[in-house]
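Structure file work-v5.txt with compact mmCIF, C-alpha atoms:
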# COMPACT_ATOMS: atom_id res chain seq x y z
CA MET A 1 -80.00 -101.07 46.64
CA ARG A 2 -79.04 -99.88 43.15
CA VAL A 3 -76.11 -97.46 42.94
CA LEU A 4 -74.51 -95.55 40.09
CA ILE A 5 -70.87 -94.45 40.30
CA LEU A 6 -69.73 -91.92 37.70
CA GLU A 7 -65.94 -91.68 37.90
CA ASP A 8 -63.33 -91.78 35.15
CA ILE A 9 -60.38 -93.05 37.23
CA ALA A 10 -60.53 -96.83 37.67
CA GLU A 11 -58.75 -96.89 41.04
CA THR A 12 -61.13 -94.27 42.43
CA ARG A 13 -64.14 -96.21 41.12
CA ASP A 14 -62.92 -99.29 43.00
CA TRP A 15 -62.39 -97.19 46.14
CA LEU A 16 -65.90 -95.75 45.92
CA GLN A 17 -67.35 -99.23 45.43
CA GLY A 18 -65.64 -100.23 48.66
CA ILE A 19 -67.15 -97.17 50.35
CA ILE A 20 -70.63 -98.24 49.21
CA THR A 21 -70.12 -101.80 50.47
CA SER A 22 -68.89 -100.55 53.85
CA ALA A 23 -71.78 -98.09 54.17
CA PHE A 24 -74.68 -100.23 52.98
CA GLY A 25 -73.54 -103.83 52.60
CA ALA A 26 -74.54 -105.69 49.46
CA ALA A 27 -75.59 -103.39 46.63
CA ASP A 28 -76.09 -103.54 42.88
CA VAL A 29 -73.38 -101.09 41.78
CA GLU A 30 -73.10 -99.95 38.17
CA VAL A 31 -70.16 -97.84 37.08
CA ALA A 32 -69.54 -95.36 34.28
CA GLY A 33 -66.31 -93.63 33.32
CA MET A 34 -67.82 -91.16 30.87
CA ILE A 35 -70.91 -88.98 30.60
CA ARG A 36 -72.16 -90.93 27.60
CA ASP A 37 -71.95 -94.22 29.53
CA ALA A 38 -73.85 -92.74 32.48
CA ARG A 39 -76.58 -91.44 30.15
CA GLN A 40 -77.12 -94.94 28.79
CA LEU A 41 -77.37 -96.40 32.28
CA ILE A 42 -79.91 -93.89 33.58
CA GLU A 43 -82.12 -94.35 30.53
CA THR A 44 -82.45 -98.09 31.16
CA PRO A 45 -85.48 -99.37 33.11
CA GLY A 46 -85.24 -99.16 36.89
CA ASP A 47 -84.29 -96.22 39.08
CA PHE A 48 -81.07 -95.82 41.00
CA ASP A 49 -81.40 -95.35 44.75
CA LEU A 50 -78.09 -93.51 44.99
CA ALA A 51 -75.65 -91.91 42.55
CA LEU A 52 -72.08 -90.83 43.29
CA LEU A 53 -71.11 -88.32 40.62
CA ASP A 54 -67.73 -86.88 39.75
CA LEU A 55 -67.86 -83.47 38.07
CA GLY A 56 -64.85 -83.23 35.78
CA LEU A 57 -65.22 -86.01 33.22
CA PRO A 58 -63.35 -86.27 29.89
CA ASP A 59 -66.55 -85.70 27.91
CA GLY A 60 -68.39 -83.20 30.09
CA SER A 61 -69.65 -82.26 33.53
CA GLY A 62 -71.28 -84.59 36.02
CA LEU A 63 -73.79 -81.79 36.66
CA ASP A 64 -75.47 -82.77 33.38
CA ILE A 65 -76.05 -86.29 34.70
CA LEU A 66 -77.20 -84.89 38.06
CA ARG A 67 -79.85 -82.75 36.36
CA ARG A 68 -80.96 -85.63 34.14
CA LEU A 69 -81.29 -87.98 37.10
CA LYS A 70 -83.35 -85.43 39.02
CA SER A 71 -85.59 -85.14 35.97
CA VAL A 72 -86.18 -88.84 35.22
CA SER A 73 -85.77 -90.21 38.76
CA PRO A 74 -86.50 -87.57 41.43
CA GLY A 75 -86.12 -90.12 44.20
CA THR A 76 -82.48 -90.86 43.40
CA ARG A 77 -80.13 -89.43 46.02
CA CYS A 78 -77.38 -87.68 44.05
CA VAL A 79 -74.10 -87.05 45.83
CA VAL A 80 -71.22 -85.22 44.19
CA THR A 81 -67.85 -86.88 44.83
CA THR A 82 -65.06 -84.63 43.63
CA VAL A 83 -61.79 -82.85 44.41
CA MET A 84 -63.30 -79.46 43.51
CA GLY A 85 -64.40 -77.51 46.57
CA ASP A 86 -64.59 -73.90 45.36
CA ASP A 87 -67.72 -71.90 46.21
CA THR A 88 -68.95 -71.59 42.62
CA THR A 89 -68.83 -75.34 41.98
CA VAL A 90 -70.44 -76.21 45.32
CA VAL A 91 -73.32 -73.77 44.87
CA ALA A 92 -73.85 -74.88 41.24
CA ALA A 93 -74.08 -78.52 42.35
CA LEU A 94 -76.49 -77.80 45.19
CA SER A 95 -78.55 -75.56 42.90
CA ALA A 96 -78.77 -78.44 40.42
CA GLY A 97 -80.31 -80.60 43.13
CA ALA A 98 -77.38 -82.45 44.70
CA ASP A 99 -78.26 -84.24 47.95
CA GLY A 100 -74.67 -84.11 49.10
CA TYR A 101 -71.16 -82.96 48.29
CA LEU A 102 -68.21 -85.09 49.37
CA LEU A 103 -64.54 -84.36 48.81
CA LYS A 104 -62.52 -87.40 47.74
CA GLU A 105 -59.57 -86.11 49.74
CA ASN A 106 -61.43 -86.94 52.96
CA PRO A 107 -60.82 -90.30 54.68
CA GLY A 108 -63.10 -93.15 53.67
CA THR A 109 -64.51 -93.34 57.19
CA ILE A 110 -65.94 -89.84 56.82
CA LEU A 111 -67.51 -90.62 53.44
CA ILE A 112 -69.06 -93.81 54.83
CA ARG A 113 -70.57 -91.95 57.79
CA GLN A 114 -71.89 -89.12 55.62
CA LEU A 115 -73.50 -91.51 53.13
CA GLN A 116 -75.17 -93.49 55.90
CA GLN A 117 -76.78 -90.29 57.20
CA ILE A 118 -78.63 -89.72 53.93
CA SER A 119 -81.27 -92.30 54.87
CA ASP A 120 -82.01 -90.16 57.95
CA GLY A 121 -82.58 -87.10 55.79
CA ILE A 122 -79.21 -85.52 56.62
CA PRO A 123 -77.34 -84.08 53.61
CA ALA A 124 -74.02 -85.81 52.88
CA LEU A 125 -71.57 -82.94 53.22
CA SER A 126 -67.86 -83.16 53.88
CA PRO A 127 -67.06 -81.02 56.95
CA PRO A 128 -65.05 -78.44 54.94
CA ILE A 129 -67.97 -78.04 52.53
CA ALA A 130 -70.49 -77.57 55.34
CA ARG A 131 -68.28 -74.86 56.83
CA ARG A 132 -67.90 -73.11 53.47
CA ILE A 133 -71.65 -73.11 52.89
CA MET A 134 -72.30 -71.59 56.31
CA GLU A 135 -69.59 -69.00 55.77
CA HIS A 136 -70.89 -68.16 52.31
CA PHE A 137 -74.41 -67.42 53.50
CA ARG A 138 -73.12 -65.56 56.52
CA LEU A 139 -71.19 -63.25 54.21
CA THR A 140 -73.88 -62.86 51.56
CA GLY A 141 -76.55 -62.10 54.14
CA PRO A 142 -80.26 -61.91 53.32
CA ALA A 143 -81.46 -62.18 49.76
CA VAL A 144 -81.59 -58.96 47.80
CA GLU A 145 -85.11 -58.23 46.58
CA ASP A 146 -84.12 -56.18 43.53
CA ASP A 147 -84.56 -59.10 41.11
CA ALA A 148 -87.62 -57.45 39.52
CA ARG A 149 -85.23 -55.06 37.81
CA LEU A 150 -83.55 -57.87 35.87
CA THR A 151 -84.40 -57.95 32.19
CA ASP A 152 -85.62 -61.22 30.67
CA ARG A 153 -82.21 -61.80 29.10
CA GLU A 154 -80.39 -61.06 32.36
CA ALA A 155 -82.63 -63.54 34.16
CA GLU A 156 -81.91 -66.10 31.45
CA VAL A 157 -78.17 -65.60 31.82
CA LEU A 158 -78.43 -65.79 35.61
CA GLY A 159 -80.31 -69.07 35.34
CA LEU A 160 -77.62 -70.60 33.14
CA ILE A 161 -74.93 -69.48 35.58
CA GLY A 162 -76.93 -71.15 38.33
CA ARG A 163 -76.73 -74.39 36.35
CA GLY A 164 -72.95 -74.15 36.42
CA LEU A 165 -72.36 -73.00 32.84
CA ARG A 166 -69.30 -70.89 32.05
CA ASN A 167 -69.48 -67.72 29.96
CA ALA A 168 -68.52 -69.48 26.73
CA GLU A 169 -71.17 -72.16 27.34
CA VAL A 170 -73.81 -69.51 28.07
CA ALA A 171 -72.88 -67.76 24.83
CA ARG A 172 -73.31 -70.99 22.84
CA GLU A 173 -76.61 -71.76 24.57
CA LEU A 174 -78.06 -68.31 23.80
CA ARG A 175 -76.26 -67.91 20.46
CA ILE A 176 -74.73 -64.59 21.41
CA ALA A 177 -71.17 -63.31 21.73
CA GLU A 178 -69.20 -64.16 24.87
CA SER A 179 -68.53 -60.44 25.35
CA THR A 180 -72.29 -59.86 25.36
CA VAL A 181 -72.68 -62.49 28.07
CA ALA A 182 -70.04 -60.72 30.15
CA GLY A 183 -72.02 -57.50 29.80
CA TYR A 184 -75.21 -59.16 31.02
CA ILE A 185 -73.38 -60.70 33.96
CA LYS A 186 -71.95 -57.31 34.90
CA GLY A 187 -75.48 -55.88 34.92
CA VAL A 188 -76.78 -58.76 37.03
CA TYR A 189 -73.98 -58.33 39.57
CA ARG A 190 -74.66 -54.60 39.81
CA LYS A 191 -78.43 -55.00 40.26
CA LEU A 192 -78.19 -57.78 42.84
CA GLY A 193 -75.28 -56.23 44.70
CA ILE A 194 -73.06 -59.28 44.32
CA SER A 195 -69.54 -59.91 43.07
CA THR A 196 -69.02 -63.66 42.65
CA ARG A 197 -70.45 -66.51 40.57
CA ALA A 198 -71.22 -68.41 43.78
CA GLU A 199 -73.53 -65.60 44.88
CA ALA A 200 -75.05 -65.48 41.39
CA ALA A 201 -75.73 -69.23 41.48
CA TRP A 202 -77.37 -68.86 44.90
CA HIS A 203 -79.67 -66.08 43.67
CA ALA A 204 -80.52 -68.11 40.56
CA ASN A 205 -81.58 -70.97 42.79
CA ARG A 206 -83.53 -68.65 45.12
CA LEU A 207 -85.47 -67.24 42.16
CA GLY A 208 -86.08 -70.64 40.60
CA LEU A 209 -84.13 -69.68 37.49
CA SER A 210 -81.79 -72.70 37.60
CA TYR A 211 -84.63 -75.06 36.74
CA ARG A 212 -86.13 -73.27 33.74

Could you quickly redo this structure as structure tokens?
Amino acid sequence: MRVLILEDIAETRDWLQGIITSAFGAADVEVAGMIRDARQLIETPGDFDLALLDLGLPDGSGLDILRRLKSVSPGTRCVVTTVMGDDTTVVAALSAGADGYLLKENPGTILIRQLQQISDGIPALSPPIARRIMEHFRLTGPAVEDDARLTDREAEVLGLIGRGLRNAEVARELRIAESTVAGYIKGVYRKLGISTRAEAAWHANRLGLSYR
């Protein structure tokens, strides 16, 4: 089993390596503390079976590595391991293709059990995250079918939000002013009847905009 651990804190990397050993026994574990190091590892020959990805790295977001892995190695099981459990971040990670979302604040025994379930096709979700996802969709209700009214630019902005980009990052990507981005987002919210970035990310995923 070949495993990638993307984590910038050395003590946490060691802890996660112990989690992998406890969950799966002997494994070929490769570690990276920065986005650039992870990029080099995933471009080398041979696919990873599993990747544990932190999100907040000194040189970027682990979501970039998640998307790249899903592009070059669709069979890699990508599990986010983070301290961030807000709705927007969770939905952005799942929209990017994450196979699980584990909070590092949970006991190691929970992480071990959740990782072992992946081989049975069960998503690796910390209990608080599973509850938040269920609550989110209970509150948002059925998908709104007014997406046809979105302009091409609004759909483009929605897709970038679904990939987890912030307003400033969307502005740089589209080469427009950040205030213009805010205006597009306001229009998207109004047309879809939503009020949060988590809901926007969910609709982006539903419409397939996060993968364009």

Please return as a ChimeraX atom specification every residue within 9 Å of (-77.9, -67.4, 40.0), taking into account all atoms listed in the file and the file's own coordinates.
/A:92,95,155,157-163,197-210

Write out as a list in words which residues come within 8 Å of region 13-20 of chain A when counting only C-alpha atoms, dropping same-chain ones fewer than 6 positions away.
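Returned residues: Ile5, Leu6, Glu7, Ala27, Val29, Val31, Gly108, Leu111 and Ile112 of chain A.
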
Nearest to Gln117 (chain A), restricted to only C-alpha atoms and choosing among A:Ala23, A:Leu57, A:Leu94, A:Val83, comes out as A:Ala23

Could you list, as a list in words, every residue within 8 Å of Asp28 (chain A), counting all atoms listed in the file and ignoring same-chain residues fewer than 4 positions away?
Met1, Arg2 and Val3 of chain A

Let's have the selection written as a tab-separated table (two decimals), keeping the file's coordinate frame, with C-alpha atoms.
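Generated output (out-v5.tsv):
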chain	number	residue	atom	x	y	z
A	1	MET	CA	-80.00	-101.07	46.64
A	2	ARG	CA	-79.04	-99.88	43.15
A	3	VAL	CA	-76.11	-97.46	42.94

Would you work out the distance separating CA of Ala182 (chain A) from CA of Ala168 (chain A), expressed in Å to one decimal?
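Taking CA of Ala182 (chain A) as the start and CA of Ala168 (chain A) as the end point, the length is 9.5 Å.
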